[in-house]
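Okay, so here's the structure we're looking at.
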Amino acid sequence: AQKITQTQPGMFVQEKEAVTLDCTYDTSDPSYGLFWYKQPSSGEMIFLIYQGSYDQQNATEGRYSLNFQKARKSANLVISASQLGDSAMYFCAMREVGTYKYIFGTGTRLKVLA
Amino acid sequence: NAGVMQNPRHLVRRRGQEARLRCSPMKGHSHVYWYRQLPEEGLKFMVYLQKENIIDESGMPKERFSAEFPKEGPSILRIQQVVRGDSAAYFCASSPGQETYGYTFGSGTRLTVV
């Protein structure tokens, strides 16, 4: 069965430093996508970054990068040069190719300190 | 091009009342998905609809919950005789087709049952 595990319920990071949010996943399907979403206190779900299981390179989007280690089934989100506006909940999610259901982790609450 | 529109943003209902949540997909999108986020949890799939059809309602509670996506108008998630445990954020997402790698979420409706 598919599963997403986020083991860090809360994280603190100093402004301008980098932070890594952990995500491990479990699936028996070789074709899948991994996603990270940001949920600020206002509640909306903001798509950040996507990694396909066959992508050769780690995905990057501005200050966000995904450290994809397929053998270890991990898809950690790295946020560089943290900003106060990065304080939010972050969710890792997975979807097997050809399906439409996302499986979400329980999230990590990130607090950026001034 | 407006995103996925959900209304209301906040909804308060007394126990036993009905809640109706609306979702207007992005223009050109004919696939709609509803997810529920209980407090301090990730999103969980509820139902997948196309115009006038329910494709998968495996995540819907067996009683009191129903969803529709009529030929004209928004998708509606209806909860009858609400109970305190229905208090959650309900998110809608849409896509142009099933095989897209990712889809856009609306801002959610926060239902509070008092």
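Letters A, B, ... go to the chains of the structure tokens in the order shown; residues in each chain start at 1; ligands are counted from 1 in the same order.
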Please report, as a PDB file with C-alpha atoms, in the first residue's frame, each residue of stretch 4-114 of chain B to which DSSP assigns strand (DSSP E) when run on this structure's backbone.
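Everything below was put into states15.pdb:
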ATOM      1  CA  MET B   5     -12.897  28.657  -6.753  1.00  0.00           C
ATOM      2  CA  GLN B   6     -14.414  27.347  -3.572  1.00  0.00           C
ATOM      3  CA  ASN B   7     -17.125  28.946  -1.527  1.00  0.00           C
ATOM      4  CA  HIS B  10     -15.773  29.504   6.114  1.00  0.00           C
ATOM      5  CA  LEU B  11     -19.025  27.791   7.057  1.00  0.00           C
ATOM      6  CA  VAL B  12     -20.500  27.355  10.503  1.00  0.00           C
ATOM      7  CA  ARG B  13     -23.321  24.896  11.017  1.00  0.00           C
ATOM      8  CA  ALA B  19     -23.690  21.901   4.775  1.00  0.00           C
ATOM      9  CA  ARG B  20     -23.288  22.602   1.060  1.00  0.00           C
ATOM     10  CA  LEU B  21     -19.808  23.289  -0.252  1.00  0.00           C
ATOM     11  CA  ARG B  22     -19.274  24.560  -3.770  1.00  0.00           C
ATOM     12  CA  CYS B  23     -16.370  24.176  -6.134  1.00  0.00           C
ATOM     13  CA  SER B  24     -15.982  25.800  -9.542  1.00  0.00           C
ATOM     14  CA  HIS B  31     -12.414  16.583 -13.601  1.00  0.00           C
ATOM     15  CA  VAL B  32     -13.028  17.499  -9.976  1.00  0.00           C
ATOM     16  CA  TYR B  33     -11.647  15.944  -6.822  1.00  0.00           C
ATOM     17  CA  TRP B  34     -12.641  16.546  -3.206  1.00  0.00           C
ATOM     18  CA  TYR B  35     -10.286  16.066  -0.279  1.00  0.00           C
ATOM     19  CA  ARG B  36     -10.832  16.488   3.445  1.00  0.00           C
ATOM     20  CA  GLN B  37      -8.267  17.714   5.934  1.00  0.00           C
ATOM     21  CA  LEU B  43      -5.475  15.767   3.039  1.00  0.00           C
ATOM     22  CA  LYS B  44      -7.416  12.590   2.376  1.00  0.00           C
ATOM     23  CA  PHE B  45      -9.172  11.742  -0.871  1.00  0.00           C
ATOM     24  CA  MET B  46     -12.935  11.699  -0.789  1.00  0.00           C
ATOM     25  CA  VAL B  47     -14.409  11.603  -4.280  1.00  0.00           C
ATOM     26  CA  TYR B  48     -13.579  12.070  -7.953  1.00  0.00           C
ATOM     27  CA  LEU B  49     -16.181  13.366 -10.368  1.00  0.00           C
ATOM     28  CA  GLN B  50     -16.489  14.207 -14.001  1.00  0.00           C
ATOM     29  CA  ASN B  53     -20.626  11.239 -13.243  1.00  0.00           C
ATOM     30  CA  ILE B  54     -19.144  10.009 -10.001  1.00  0.00           C
ATOM     31  CA  ILE B  55     -16.001   8.112 -10.941  1.00  0.00           C
ATOM     32  CA  ASP B  56     -14.714   7.112  -7.519  1.00  0.00           C
ATOM     33  CA  PHE B  65     -22.128  12.684   2.453  1.00  0.00           C
ATOM     34  CA  SER B  66     -22.866  13.112  -1.226  1.00  0.00           C
ATOM     35  CA  ALA B  67     -21.279  14.873  -4.159  1.00  0.00           C
ATOM     36  CA  GLU B  68     -22.377  15.955  -7.584  1.00  0.00           C
ATOM     37  CA  SER B  75     -19.540  20.766  -8.064  1.00  0.00           C
ATOM     38  CA  ILE B  76     -21.344  20.429  -4.750  1.00  0.00           C
ATOM     39  CA  LEU B  77     -20.262  18.469  -1.700  1.00  0.00           C
ATOM     40  CA  ARG B  78     -23.258  17.999   0.560  1.00  0.00           C
ATOM     41  CA  ILE B  79     -23.135  16.900   4.154  1.00  0.00           C
ATOM     42  CA  ALA B  88     -12.562  20.046   8.825  1.00  0.00           C
ATOM     43  CA  ALA B  89     -11.180  21.836   5.808  1.00  0.00           C
ATOM     44  CA  TYR B  90     -12.595  20.585   2.531  1.00  0.00           C
ATOM     45  CA  PHE B  91     -10.482  21.120  -0.554  1.00  0.00           C
ATOM     46  CA  CYS B  92     -11.463  20.824  -4.152  1.00  0.00           C
ATOM     47  CA  ALA B  93      -9.061  20.340  -7.046  1.00  0.00           C
ATOM     48  CA  SER B  94      -9.549  20.161 -10.782  1.00  0.00           C
ATOM     49  CA  SER B  95      -7.719  18.907 -13.837  1.00  0.00           C
ATOM     50  CA  THR B 104      -4.624  22.746  -8.728  1.00  0.00           C
ATOM     51  CA  PHE B 105      -6.322  22.993  -5.383  1.00  0.00           C
ATOM     52  CA  THR B 109     -13.838  25.589   2.818  1.00  0.00           C
ATOM     53  CA  ARG B 110     -13.429  25.436   6.543  1.00  0.00           C
ATOM     54  CA  LEU B 111     -16.478  23.826   8.084  1.00  0.00           C
ATOM     55  CA  THR B 112     -17.076  24.265  11.786  1.00  0.00           C
ATOM     56  CA  VAL B 113     -19.891  22.366  13.435  1.00  0.00           C
TER      57      VAL B 113
END
Interface residues on chain B facing chain A, 6 Å, only C-alpha atoms, written as a PyMOL selection string: chain B and resi 41-43+99+107
All residues 12 Å or closer to A:Lys16, only C-alpha atoms, same chain fewer than 3 positions away omitted, as a VMD selection string: chain A and resid 13 19 63 79 to 86 112 to 114
Shell of 7 Å around A:Asn67, only C-alpha atoms, local chain residues under 3 positions omitted, as a PyMOL selection string: chain A and resi 58+75-77
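For the atom pair formed by atom CA of A:Asp22 and atom CA of A:Thr7, the distance is 6.9 Å, given to one decimal.
Across the model, the gap from atom CA of B:Arg64 to atom CA of B:Gln81 is 6.8 Å.
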Pick from A:Ile49, A:Ser74, A:Ser87, A:Asp29 nearest to A:Thr5, counting only C-alpha atoms: A:Ser74
